[in-house]
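Shown below: final-v6.cif, with mmCIF, C-alpha atoms.
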```cif
data_input
#
loop_
_atom_site.label_atom_id
_atom_site.label_comp_id
_atom_site.auth_asym_id
_atom_site.auth_seq_id
_atom_site.Cartn_x
_atom_site.Cartn_y
_atom_site.Cartn_z
CA MET U 4 71.33 101.07 -13.05
CA SER U 5 72.71 102.34 -9.74
CA ASN U 6 71.63 105.87 -10.71
CA VAL U 7 68.08 104.65 -11.41
CA GLN U 8 68.00 102.78 -8.10
CA LYS U 9 69.13 105.95 -6.32
CA GLN U 10 66.34 107.98 -7.95
CA ILE U 11 63.81 105.33 -6.88
CA GLU U 12 65.03 105.50 -3.29
CA GLU U 13 64.81 109.31 -3.32
CA ILE U 14 61.21 109.27 -4.62
CA GLU U 15 60.23 106.62 -2.06
CA ALA U 16 61.75 108.73 0.71
CA GLU U 17 59.88 111.83 -0.50
CA MET U 18 56.59 109.89 -0.63
CA ALA U 19 57.21 108.63 2.91
CA ARG U 20 57.67 112.13 4.35
CA THR U 21 54.86 113.77 2.37
CA GLN U 22 51.64 114.20 4.29
CA LYS U 23 48.81 112.20 2.74
CA ASN U 24 45.69 114.30 2.16
CA LYS U 25 43.65 115.82 -0.65
CA ALA U 26 45.95 118.83 -0.94
CA THR U 27 48.96 116.61 -1.77
CA ASN U 28 46.98 114.39 -4.14
CA TYR U 29 48.43 116.04 -7.25
CA HIS U 30 52.05 115.87 -6.02
CA LEU U 31 51.79 112.24 -4.93
CA GLY U 32 50.27 111.31 -8.28
CA THR U 33 53.32 112.80 -10.02
CA LEU U 34 55.68 110.85 -7.77
CA LYS U 35 53.69 107.69 -8.35
CA ALA U 36 53.96 107.97 -12.13
CA LYS U 37 57.71 108.75 -11.96
CA LEU U 38 58.24 105.75 -9.71
CA ALA U 39 56.45 103.43 -12.14
CA LYS U 40 58.58 104.69 -15.07
CA LEU U 41 61.83 104.24 -13.15
CA ARG U 42 60.86 100.74 -12.02
CA SER U 43 60.04 99.79 -15.61
CA GLU U 44 63.40 101.19 -16.71
CA LEU U 45 65.20 99.26 -13.98
CA VAL U 46 63.63 95.97 -15.09
CA ASN U 47 63.50 96.39 -18.87
CA GLY U 48 66.41 98.72 -19.65
CA PRO U 49 66.60 102.45 -20.42
CA GLY U 50 64.66 102.26 -23.69
CA GLY U 51 61.61 100.30 -22.60
CA LYS U 52 60.55 96.69 -22.67
CA SER U 53 62.67 95.77 -25.71
CA ALA U 54 65.81 97.54 -24.56
CA GLY U 55 68.53 96.83 -22.05
CA SER U 56 71.20 94.19 -22.11
CA LYS U 57 70.65 91.08 -24.17
CA ASP U 58 69.90 88.78 -21.26
CA ALA U 59 68.62 91.35 -18.75
CA GLY U 60 65.10 89.99 -18.43
CA ARG U 61 65.32 86.85 -20.50
CA GLY U 62 63.81 83.72 -18.98
CA PHE U 63 64.93 80.12 -19.23
CA ASP U 64 64.63 78.51 -22.67
CA VAL U 65 61.87 75.94 -22.07
CA THR U 66 59.59 74.94 -24.94
CA LYS U 67 55.93 75.32 -24.01
CA SER U 68 54.05 72.04 -24.31
CA GLY U 69 50.79 70.51 -23.19
CA ASP U 70 47.45 72.19 -22.60
CA THR U 71 48.55 74.55 -19.84
CA ARG U 72 51.71 75.59 -18.00
CA ILE U 73 52.22 76.15 -14.27
CA GLY U 74 55.37 77.35 -12.49
CA LEU U 75 56.66 76.56 -9.00
CA VAL U 76 57.98 79.74 -7.37
CA GLY U 77 59.33 80.02 -3.86
CA PHE U 78 62.31 80.44 -1.58
CA PRO U 79 65.09 77.83 -1.60
CA SER U 80 64.49 74.52 0.20
CA VAL U 81 60.70 74.72 0.48
CA GLY U 82 60.10 71.43 -1.38
CA LYS U 83 59.56 72.55 -4.99
CA SER U 84 61.74 69.79 -6.47
CA THR U 85 60.06 67.10 -4.36
CA LEU U 86 56.65 68.41 -5.43
CA LEU U 87 57.65 68.28 -9.12
CA THR U 88 58.86 64.68 -8.74
CA THR U 89 55.66 63.69 -6.92
CA LEU U 90 53.33 65.28 -9.48
CA THR U 91 55.11 64.40 -12.74
CA GLY U 92 57.61 61.64 -12.00
CA THR U 93 60.39 63.86 -13.42
CA ARG U 94 63.47 63.62 -11.25
CA SER U 95 64.60 66.98 -9.90
CA GLU U 96 67.54 66.90 -7.53
CA ALA U 97 66.60 67.51 -3.92
CA ALA U 98 69.04 67.88 -1.03
CA ALA U 99 69.32 69.29 2.48
CA TYR U 100 71.16 72.42 1.30
CA GLU U 101 69.74 75.51 -0.40
CA PHE U 102 69.88 76.34 -4.15
CA THR U 103 69.91 72.69 -5.20
CA THR U 104 68.02 73.59 -8.40
CA LEU U 105 70.06 75.98 -10.54
CA THR U 106 68.04 75.93 -13.76
CA CYS U 107 64.44 75.38 -14.89
CA ILE U 108 63.40 71.71 -14.88
CA PRO U 109 60.16 70.88 -16.76
CA GLY U 110 57.83 67.95 -16.20
CA THR U 111 54.41 66.91 -17.48
CA MET U 112 51.48 65.50 -15.53
CA ASN U 113 48.13 64.20 -16.75
CA TYR U 114 44.89 65.11 -15.01
CA LYS U 115 41.36 64.60 -16.37
CA GLY U 116 42.80 64.08 -19.84
CA ALA U 117 44.77 67.35 -19.78
CA ARG U 118 48.55 67.47 -20.20
CA ILE U 119 49.87 70.05 -17.74
CA GLN U 120 53.47 71.25 -17.96
CA VAL U 121 55.05 71.93 -14.55
CA LEU U 122 58.21 74.07 -14.27
CA ASP U 123 60.49 73.71 -11.25
CA LEU U 124 62.14 77.14 -11.05
CA PRO U 125 65.24 77.96 -8.97
CA GLY U 126 64.58 79.47 -5.56
CA ILE U 127 64.28 83.25 -5.46
CA ILE U 128 65.46 85.63 -2.76
CA GLU U 129 64.53 89.13 -1.67
CA GLY U 130 65.61 91.56 -4.41
CA ALA U 131 64.99 89.03 -7.19
CA ALA U 132 63.22 91.61 -9.37
CA ASP U 133 66.40 93.72 -9.26
CA GLY U 134 68.48 90.81 -10.57
CA LYS U 135 69.70 89.11 -7.39
CA GLY U 136 70.19 85.35 -7.58
CA ARG U 137 69.06 85.02 -11.23
CA GLY U 138 65.73 86.38 -9.99
CA ARG U 139 64.85 88.10 -13.27
CA GLN U 140 65.21 84.86 -15.21
CA VAL U 141 62.97 83.07 -12.74
CA ILE U 142 60.25 85.72 -12.74
CA SER U 143 60.44 86.20 -16.54
CA THR U 144 59.66 82.50 -16.95
CA ALA U 145 56.86 82.76 -14.37
CA ARG U 146 55.21 85.46 -16.53
CA THR U 147 54.69 82.86 -19.30
CA CYS U 148 52.72 80.50 -17.03
CA ASN U 149 48.94 80.11 -16.91
CA LEU U 150 49.19 79.62 -13.15
CA ILE U 151 51.88 80.27 -10.54
CA LEU U 152 52.17 77.99 -7.52
CA VAL U 153 53.87 79.91 -4.72
CA VAL U 154 55.36 77.10 -2.63
CA LEU U 155 55.89 78.04 1.01
CA ASP U 156 57.35 76.16 3.96
CA SER U 157 54.50 76.02 6.47
CA GLY U 158 57.01 75.97 9.31
CA LYS U 159 58.52 79.35 8.34
CA PRO U 160 57.09 82.87 8.81
CA LEU U 161 54.36 84.18 6.52
CA THR U 162 56.59 87.18 5.74
CA HIS U 163 58.03 85.01 2.94
CA LYS U 164 54.66 85.22 1.23
CA LYS U 165 54.72 89.04 1.36
CA ILE U 166 58.28 89.17 -0.01
CA ILE U 167 57.43 86.95 -2.99
CA GLU U 168 54.28 88.98 -3.72
CA ALA U 169 56.34 92.20 -3.69
CA GLU U 170 58.95 90.72 -6.06
CA LEU U 171 56.29 89.53 -8.52
CA PHE U 172 54.57 92.93 -8.34
CA SER U 173 57.83 94.78 -9.03
CA PHE U 174 58.30 92.71 -12.18
CA GLY U 175 54.87 93.59 -13.53
CA ILE U 176 52.94 90.48 -12.47
CA ARG U 177 49.51 91.19 -10.98
CA ILE U 178 48.43 88.16 -8.99
CA ASN U 179 44.79 87.08 -8.74
CA GLN U 180 43.59 90.24 -10.49
CA SER U 181 41.73 90.97 -13.71
CA PRO U 182 42.80 93.72 -16.13
CA PRO U 183 41.05 96.99 -15.15
CA ASN U 184 38.03 97.89 -17.26
CA VAL U 185 39.63 101.15 -18.43
CA LYS U 186 40.04 102.43 -21.96
CA VAL U 187 42.78 104.93 -22.84
CA THR U 188 42.77 106.07 -26.49
CA LYS U 189 45.46 108.46 -27.69
CA LYS U 190 44.45 111.18 -30.17
CA GLU U 191 46.13 113.94 -32.14
CA SER U 192 44.46 116.94 -30.49
CA GLY U 193 41.74 117.97 -28.08
CA GLY U 194 43.48 117.57 -24.73
CA ILE U 195 42.41 115.04 -22.09
CA ASP U 196 38.80 113.83 -22.22
CA TYR U 197 38.17 112.21 -18.82
CA GLN U 198 34.98 110.20 -18.21
CA GLU U 199 33.83 108.18 -15.20
CA MET U 200 31.13 105.56 -15.68
CA CYS U 201 31.05 104.91 -11.91
CA SER U 202 32.20 106.77 -8.80
CA GLN U 203 35.89 106.46 -7.91
CA THR U 204 36.44 105.65 -4.22
CA GLN U 205 39.37 103.21 -4.20
CA GLN U 206 42.04 103.98 -1.60
CA THR U 207 45.10 102.00 -0.45
CA THR U 208 47.08 102.56 2.71
CA LEU U 209 50.75 101.74 3.24
CA ASP U 210 50.61 98.57 5.31
CA ASN U 211 54.25 97.44 5.02
CA PRO U 212 56.64 100.30 4.16
CA GLU U 213 59.65 97.97 4.01
CA HIS U 214 58.32 95.93 1.08
CA ASP U 215 55.30 97.79 -0.21
CA SER U 216 56.40 101.42 -0.46
CA ASP U 217 57.23 101.04 -4.14
CA HIS U 218 53.80 99.88 -5.20
CA CYS U 219 51.22 100.80 -2.57
CA LEU U 220 48.89 103.65 -3.35
CA PHE U 221 48.87 106.73 -1.18
CA ALA U 222 45.94 107.16 1.19
CA VAL U 223 43.69 110.15 0.65
CA THR U 224 40.64 111.32 2.49
CA GLY U 225 38.70 111.99 -0.70
CA LYS U 226 38.09 109.78 -3.68
CA GLY U 227 40.85 107.86 -5.49
CA MET U 228 41.01 108.62 -9.22
CA ASN U 229 39.89 111.99 -10.55
CA ALA U 230 40.51 114.21 -13.58
CA GLU U 231 43.40 116.04 -11.90
CA VAL U 232 45.28 112.84 -11.00
CA CYS U 233 44.56 111.43 -14.47
CA ARG U 234 46.12 114.46 -16.18
CA VAL U 235 49.26 114.49 -14.04
CA VAL U 236 49.87 110.76 -14.59
CA LEU U 237 49.36 111.08 -18.36
CA LYS U 238 51.66 114.11 -18.42
CA GLU U 239 54.41 112.07 -16.80
CA PHE U 240 54.06 109.51 -19.60
CA ARG U 241 54.12 112.34 -22.17
CA ILE U 242 50.51 111.87 -23.23
CA SER U 243 48.84 115.25 -23.77
CA CYS U 244 45.79 114.23 -25.82
CA ALA U 245 43.71 111.17 -25.01
CA THR U 246 40.24 109.89 -24.18
CA VAL U 247 40.07 108.12 -20.82
CA ILE U 248 36.99 106.09 -19.86
CA LEU U 249 36.81 104.44 -16.41
CA ARG U 250 34.17 101.72 -16.31
CA GLU U 251 35.01 100.49 -12.80
CA ASP U 252 36.31 101.77 -9.49
CA ILE U 253 40.14 101.62 -9.73
CA THR U 254 43.24 102.82 -7.91
CA VAL U 255 45.98 105.05 -9.33
CA ASP U 256 48.22 101.96 -9.43
CA GLN U 257 45.76 100.19 -11.72
CA PHE U 258 45.49 103.25 -13.95
CA ILE U 259 49.28 103.35 -14.32
CA ASP U 260 49.24 99.63 -15.18
CA VAL U 261 46.80 100.34 -18.03
CA ILE U 262 49.05 103.09 -19.41
CA GLU U 263 52.18 100.93 -19.15
CA GLY U 264 50.39 98.15 -21.02
CA ASN U 265 52.95 95.45 -20.18
CA ARG U 266 51.44 93.87 -17.09
CA SER U 267 50.76 90.14 -16.77
CA TYR U 268 47.61 89.10 -14.89
CA VAL U 269 48.35 85.61 -13.57
CA PRO U 270 46.34 83.57 -11.05
CA VAL U 271 48.33 82.41 -8.01
CA LEU U 272 47.78 79.49 -5.65
CA TYR U 273 49.63 79.39 -2.32
CA VAL U 274 50.88 75.86 -1.59
CA PHE U 275 51.91 75.34 2.03
CA ASN U 276 54.26 72.37 2.03
CA LYS U 277 55.54 70.22 4.93
CA ILE U 278 52.28 70.28 6.88
CA ASP U 279 53.37 67.04 8.57
CA ALA U 280 55.37 69.29 10.94
CA LEU U 281 52.30 71.33 12.03
CA THR U 282 49.65 70.82 14.67
CA ILE U 283 45.91 70.85 14.00
CA GLU U 284 45.64 74.27 15.68
CA GLU U 285 48.27 75.75 13.37
CA LEU U 286 46.49 74.29 10.33
CA ASP U 287 43.25 75.91 11.47
CA ILE U 288 45.00 79.30 11.47
CA LEU U 289 46.38 78.78 7.96
CA ASP U 290 42.97 77.65 6.76
CA GLN U 291 41.69 81.23 7.06
CA MET U 292 43.84 82.31 4.08
CA PRO U 293 42.29 82.55 0.60
CA ASN U 294 43.74 80.70 -2.41
CA TYR U 295 45.61 78.29 -0.16
CA VAL U 296 46.21 74.51 -0.25
CA PRO U 297 48.08 72.61 2.50
CA ILE U 298 50.11 69.60 1.31
CA SER U 299 53.01 67.34 2.16
CA SER U 300 54.82 66.44 -1.04
CA GLN U 301 57.08 63.97 0.79
CA HIS U 302 54.15 61.99 2.23
CA GLN U 303 51.85 62.77 -0.75
CA TRP U 304 49.16 64.28 1.47
CA ASN U 305 46.28 66.30 -0.03
CA LEU U 306 47.65 66.20 -3.60
CA GLU U 307 44.19 65.47 -5.04
CA GLU U 308 42.83 68.75 -3.65
CA LEU U 309 45.86 70.54 -5.10
CA MET U 310 45.16 69.07 -8.55
CA GLU U 311 41.50 70.08 -8.35
CA GLU U 312 42.45 73.64 -7.33
CA ILE U 313 44.89 73.85 -10.25
CA TRP U 314 42.11 72.71 -12.61
CA ASP U 315 39.68 75.32 -11.28
CA LYS U 316 42.23 78.18 -11.21
CA CYS U 317 43.21 77.55 -14.84
CA ASN U 318 39.51 77.55 -15.87
CA MET U 319 40.03 74.33 -17.82
CA MET U 320 37.17 72.55 -19.56
CA ARG U 321 37.01 69.22 -21.43
CA ILE U 322 35.23 68.95 -24.77
CA TYR U 323 35.15 65.55 -26.53
CA THR U 324 35.23 65.17 -30.30
CA LYS U 325 33.02 62.73 -32.20
CA PRO U 326 33.87 61.71 -35.78
CA LYS U 327 30.84 60.94 -37.95
CA GLY U 328 29.63 57.37 -37.50
CA GLN U 329 32.04 56.66 -34.63
CA ILE U 330 31.95 56.78 -30.83
CA PRO U 331 33.31 59.90 -29.09
CA ASP U 332 37.02 60.06 -28.28
CA TYR U 333 37.03 60.12 -24.48
CA ASP U 334 40.80 59.50 -24.20
CA GLU U 335 42.05 62.82 -25.59
CA PRO U 336 39.62 65.68 -24.93
CA VAL U 337 40.13 69.18 -26.31
CA ILE U 338 41.08 71.40 -23.35
CA LEU U 339 39.73 74.96 -23.39
CA HIS U 340 40.51 77.83 -21.02
CA SER U 341 37.60 80.16 -20.39
CA GLU U 342 36.18 82.00 -17.38
CA GLY U 343 32.73 81.69 -18.95
CA ASN U 344 31.40 78.95 -21.18
CA PRO U 345 33.37 78.86 -24.48
CA THR U 346 31.59 78.95 -27.84
CA VAL U 347 31.67 76.40 -30.64
CA GLU U 348 33.83 78.86 -32.58
CA GLU U 349 36.46 78.90 -29.81
CA PHE U 350 36.41 75.10 -29.82
CA CYS U 351 37.00 75.01 -33.58
CA ASN U 352 39.83 77.56 -33.38
CA ARG U 353 41.48 75.45 -30.67
CA ILE U 354 41.57 72.50 -33.08
CA HIS U 355 42.67 74.49 -36.16
CA ARG U 356 42.49 78.17 -37.10
CA GLY U 357 41.22 77.43 -40.60
CA LEU U 358 38.37 75.16 -39.53
CA MET U 359 35.81 77.98 -39.29
CA GLU U 360 36.16 78.74 -43.01
CA GLN U 361 34.59 75.34 -43.78
CA PHE U 362 32.19 75.29 -40.79
CA SER U 363 28.51 74.59 -41.51
CA HIS U 364 27.07 73.58 -38.12
CA ALA U 365 27.79 71.36 -35.13
CA TRP U 366 25.96 68.53 -33.39
CA VAL U 367 26.26 68.81 -29.62
CA TRP U 368 25.56 66.23 -26.92
CA GLY U 369 25.78 67.10 -23.23
CA ARG U 370 24.55 69.52 -20.59
CA SER U 371 24.56 72.54 -22.90
CA ALA U 372 22.18 70.87 -25.39
CA LYS U 373 18.40 71.25 -24.98
CA HIS U 374 17.92 67.84 -26.59
CA GLN U 375 20.34 65.06 -27.59
CA PRO U 376 21.82 65.88 -30.03
CA GLN U 377 21.18 69.55 -30.80
CA ARG U 378 22.15 71.26 -34.03
CA CYS U 379 24.10 74.41 -33.10
CA GLY U 380 25.83 77.34 -34.73
CA ARG U 381 29.14 78.96 -33.93
CA GLU U 382 27.75 81.07 -31.07
CA HIS U 383 26.47 78.11 -29.02
CA ARG U 384 27.94 78.02 -25.49
CA LEU U 385 29.53 74.71 -24.50
CA MET U 386 29.80 73.14 -21.05
CA ASP U 387 32.30 70.77 -19.46
CA GLU U 388 32.37 67.26 -20.97
CA ASP U 389 30.15 68.12 -23.93
CA VAL U 390 30.53 66.00 -27.07
CA VAL U 391 30.82 67.93 -30.36
CA GLN U 392 30.66 66.76 -33.97
CA ILE U 393 31.67 69.38 -36.57
CA VAL U 394 29.89 69.34 -39.94
CA LYS U 395 31.70 71.08 -42.82
CA LYS U 396 30.12 72.88 -45.76
CA ALA U 397 29.16 70.71 -48.72
CA GLY U 398 31.59 70.86 -51.64
#
```

Can you present the structure in this file as structure tokens?
Amino acid sequence: MSNVQKQIEEIEAEMARTQKNKATNYHLGTLKAKLAKLRSELVNGPGGKSAGSKDAGRGFDVTKSGDTRIGLVGFPSVGKSTLLTTLTGTRSEAAAYEFTTLTCIPGTMNYKGARIQVLDLPGIIEGAADGKGRGRQVISTARTCNLILVVLDSGKPLTHKKIIEAELFSFGIRINQSPPNVKVTKKESGGIDYQEMCSQTQQTTLDNPEHDSDHCLFAVTGKGMNAEVCRVVLKEFRISCATVILREDITVDQFIDVIEGNRSYVPVLYVFNKIDALTIEELDILDQMPNYVPISSQHQWNLEELMEEIWDKCNMMRIYTKPKGQIPDYDEPVILHSEGNPTVEEFCNRIHRGLMEQFSHAWVWGRSAKHQPQRCGREHRLMDEDVVQIVKKAG
């Protein structure tokens, strides 16, 4: 691995001394693709995502339970264990020294009828994606979560936030992003068929060379993606024949992510703990950040807002079931995750995969129904707190 790390450092140094303009666009694209391949090899082993040593990128063995899973990620001694105890009642050892938590400690909390599993992960340090301080185990477990809570000490510099973001990025986690609307289809012959459905103008400058040089896009004076850059990136991944369709404005980084195909797109919420040590003026400054919640886990301040933000970030929705001739079951709703309104078919599949084979129609009460009740088919869009009664086929 030291040889791979040396090659990465050499490419980063070459990118740093190369002038950024349209003439060097082709060369920088080649370096960018090589850097992505080497980083993937460093994390996953020399043969790809299934290679490497047995425990190289293996996470902690924690059985997934409940309706959703969230992970607490942060530096040591920022209050993750205290937050887990406050939210779930599960005791996680907390002390005045760093690295108190040495393994993953799970807990479960209930909110609006949903059972949410919370994982208290050991503190990570700079270089975690390269294996320092069991960092790979921590980040591998974070990849399995529906939401990552980045817990920060509000009394410490915001550079900690940048370091954690860089470590997550290096391990293939794309925070608060959606998968690019790009289709790459390999074919046997015909060369590269490159199509743009919209103009490509995305550019990224190198804001923080110390932490971002391995994943920030080079700045060019022209447009971002083009046919020339597409071909050189595909060539580096040994793809000579393919159809590429770009349906949105993307960066070269995003295009490489699509080709790699092993990225995790996870929403992130920044939790600033220990706000009891801040002044009102300092809180006003922090309040300008997006995706941020200030709390004090020790004094249990602002936990209700945190729970509501978790609910919204996970796109959770409650649907109540109603057996025939009985009142609806309001104690145990069916929890669905959907950015839009889920369909009746998604609701049925959440209960049991084989239910749709016997599905006839559904009676729906609630905001999505035009009248109470409304007879609906499988394509009907449900809304939060709807009541659904499933009717099976006769015989």

Original post:
Applied to the shown file, which residues does the PyMOL selection byres ((chain U and resi 376) around 12) return, written as a ChimeraX atom specification?
Top reply: /U:325,365-375,377-379,389-392

Keeping only C-alpha atoms, take the residues you just selected and write them out as a PDB file, in the coordinates of the input.
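Wrote result_4.pdb, looks like this:
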```pdb
ATOM      1  CA  LYS U 325      33.020  62.730 -32.200  1.00  0.00           C
ATOM      2  CA  ALA U 365      27.790  71.360 -35.130  1.00  0.00           C
ATOM      3  CA  TRP U 366      25.960  68.530 -33.390  1.00  0.00           C
ATOM      4  CA  VAL U 367      26.260  68.810 -29.620  1.00  0.00           C
ATOM      5  CA  TRP U 368      25.560  66.230 -26.920  1.00  0.00           C
ATOM      6  CA  GLY U 369      25.780  67.100 -23.230  1.00  0.00           C
ATOM      7  CA  ARG U 370      24.550  69.520 -20.590  1.00  0.00           C
ATOM      8  CA  SER U 371      24.560  72.540 -22.900  1.00  0.00           C
ATOM      9  CA  ALA U 372      22.180  70.870 -25.390  1.00  0.00           C
ATOM     10  CA  LYS U 373      18.400  71.250 -24.980  1.00  0.00           C
ATOM     11  CA  HIS U 374      17.920  67.840 -26.590  1.00  0.00           C
ATOM     12  CA  GLN U 375      20.340  65.060 -27.590  1.00  0.00           C
ATOM     13  CA  GLN U 377      21.180  69.550 -30.800  1.00  0.00           C
ATOM     14  CA  ARG U 378      22.150  71.260 -34.030  1.00  0.00           C
ATOM     15  CA  CYS U 379      24.100  74.410 -33.100  1.00  0.00           C
ATOM     16  CA  ASP U 389      30.150  68.120 -23.930  1.00  0.00           C
ATOM     17  CA  VAL U 390      30.530  66.000 -27.070  1.00  0.00           C
ATOM     18  CA  VAL U 391      30.820  67.930 -30.360  1.00  0.00           C
ATOM     19  CA  GLN U 392      30.660  66.760 -33.970  1.00  0.00           C
TER      20      GLN U 392
END
```

Original post:
Given the file above and the PyMOL selection byres ((chain U and resi 74) around 6), which residues are selected, and can you give them as a PyMOL selection string?
Top reply: chain U and resi 73+75+121-122+145+151-152

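Selection result for the displayed file, with the PyMOL selection byres ((chain U and resi 39) around 9) as criterion, is Leu34, Lys35, Ala36, Lys37, Leu38, Lys40, Leu41, Arg42, Ser43, Glu44, Asp217, His218, Asp256, Ile259, Asp260 and Glu263 of chain U.
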
Original post:
Near region 187-189 of chain U, within 12 Å and counting only C-alpha atoms, which residues show up once chain neighbours fewer than 4 positions away are dropped, as a PyMOL selection string?
Top reply: chain U and resi 183+193-198+233+237+240-250+258-264

Subject >> Shell of 9 Å around Val232 (chain U), only C-alpha atoms, local chain residues under 2 positions omitted, as a VMD selection string >> reply: chain U and resid 28 to 33 227 to 230 234 to 237 255

For the residues in that selection, give me C-alpha atoms as a PDB file, in the frame of the given file.
```pdb
ATOM      1  CA  ASN U  28      46.980 114.390  -4.140  1.00  0.00           C
ATOM      2  CA  TYR U  29      48.430 116.040  -7.250  1.00  0.00           C
ATOM      3  CA  HIS U  30      52.050 115.870  -6.020  1.00  0.00           C
ATOM      4  CA  LEU U  31      51.790 112.240  -4.930  1.00  0.00           C
ATOM      5  CA  GLY U  32      50.270 111.310  -8.280  1.00  0.00           C
ATOM      6  CA  THR U  33      53.320 112.800 -10.020  1.00  0.00           C
ATOM      7  CA  GLY U 227      40.850 107.860  -5.490  1.00  0.00           C
ATOM      8  CA  MET U 228      41.010 108.620  -9.220  1.00  0.00           C
ATOM      9  CA  ASN U 229      39.890 111.990 -10.550  1.00  0.00           C
ATOM     10  CA  ALA U 230      40.510 114.210 -13.580  1.00  0.00           C
ATOM     11  CA  ARG U 234      46.120 114.460 -16.180  1.00  0.00           C
ATOM     12  CA  VAL U 235      49.260 114.490 -14.040  1.00  0.00           C
ATOM     13  CA  VAL U 236      49.870 110.760 -14.590  1.00  0.00           C
ATOM     14  CA  LEU U 237      49.360 111.080 -18.360  1.00  0.00           C
ATOM     15  CA  VAL U 255      45.980 105.050  -9.330  1.00  0.00           C
TER      16      VAL U 255
END
```

Original post:
U:Leu150, U:Met359, U:Ile253, U:Leu161: which is nearest Gln205 (chain U), counting only C-alpha atoms?
Top reply: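 Among the listed residues, the smallest separation from Gln205 (chain U) belongs to U:Ile253.
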
Original post:
U:Pro345, U:Leu155, U:Val269, U:His340: which is nearest Trp314 (chain U), counting all atoms listed in the file?
Top reply: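 Checking each candidate against Trp314 (chain U), we get U:His340 as the closest.
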
Subject >> Selection near region 295-297 of chain U, 9 Å with all atoms listed in the file, sequence-local residues under 3 positions removed, as a PyMOL selection string >> reply: chain U and resi 157+272-278+286+289-292+304-306+308-309+312

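We find CA of Tyr114 (chain U) and CA of Arg381 (chain U) to be spaced 28.2 Å apart.
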
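Of note, CA of Gly380 (chain U) and CA of Met319 (chain U) are spaced 22.3 Å apart.
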
**OP:** Quote the spacing between CA of Lys23 (chain U) and CA of Asn265 (chain U) in Å to one decimal place.
**Re:**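 One can read the CA of Lys23 (chain U) to CA of Asn265 (chain U) distance as 28.7 Å.
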
Give one line per residue of region 284-306 of chain U that approaches region 76-98 of chain U to at most 8 Å, naming the two atoms of the closest pair and their distance in Å to one decimal, counting all atoms listed in the file; sort by chain then ascending residue number and deliver it as a Markdown table.
```
| residue | atom | partner | partner_atom | distance |
| --- | --- | --- | --- | --- |
| U:Ser300 | CA | U:Leu86 | CA | 5.1 |
| U:Gln301 | CA | U:Thr85 | CA | 6.7 |
| U:Gln303 | CA | U:Thr89 | CA | 7.3 |
```

Print the selection's residues with C-alpha atoms to a file, as a short mmCIF file (atom, residue, chain, number, x, y, z; two decimals), keeping the file's coordinate frame.
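Saved to part.cif:
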```cif
data_model
loop_
_atom_site.label_atom_id
_atom_site.label_comp_id
_atom_site.auth_asym_id
_atom_site.auth_seq_id
_atom_site.Cartn_x
_atom_site.Cartn_y
_atom_site.Cartn_z
CA SER U 300 54.82 66.44 -1.04
CA GLN U 301 57.08 63.97 0.79
CA GLN U 303 51.85 62.77 -0.75
#
```

Subject >> Selected residue, from U:Thr71, U:Gln8, U:Asn149, U:Thr27, that lies nearest to Ile338 (chain U) when counting all atoms listed in the file >> reply: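 Residue with the minimum atom-to-atom distance to Ile338 (chain U): U:Thr71.
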
Original post:
Given the choices U:Glu311, U:Glu348, U:Asp252, U:Asp334, which gets closest to Ser202 (chain U) if the distance is worked out from all atoms listed in the file?
Top reply: U:Asp252

Subject >> Given only C-alpha atoms as the counted atoms, nearest of U:His364, U:Gly69, U:Pro270, U:Gln22 to Asn179 (chain U) >> reply: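 The answer is U:Pro270, which sits nearest to Asn179 (chain U).
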
Subject >> Among the residues U:Arg321, U:Arg146, U:Arg266, U:Arg20, the one that comes closest to Lys115 (chain U) [using only C-alpha atoms] >> reply: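 Residue with the minimum atom-to-atom distance to Lys115 (chain U): U:Arg321.
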
Original post:
Quick one: residues within 12 Å of Ser68 (chain U), only C-alpha atoms counted, chain neighbours fewer than 2 positions away excluded, as a PyMOL selection string?
Top reply: chain U and resi 65-66+70-73+109-112+117-122+147-148
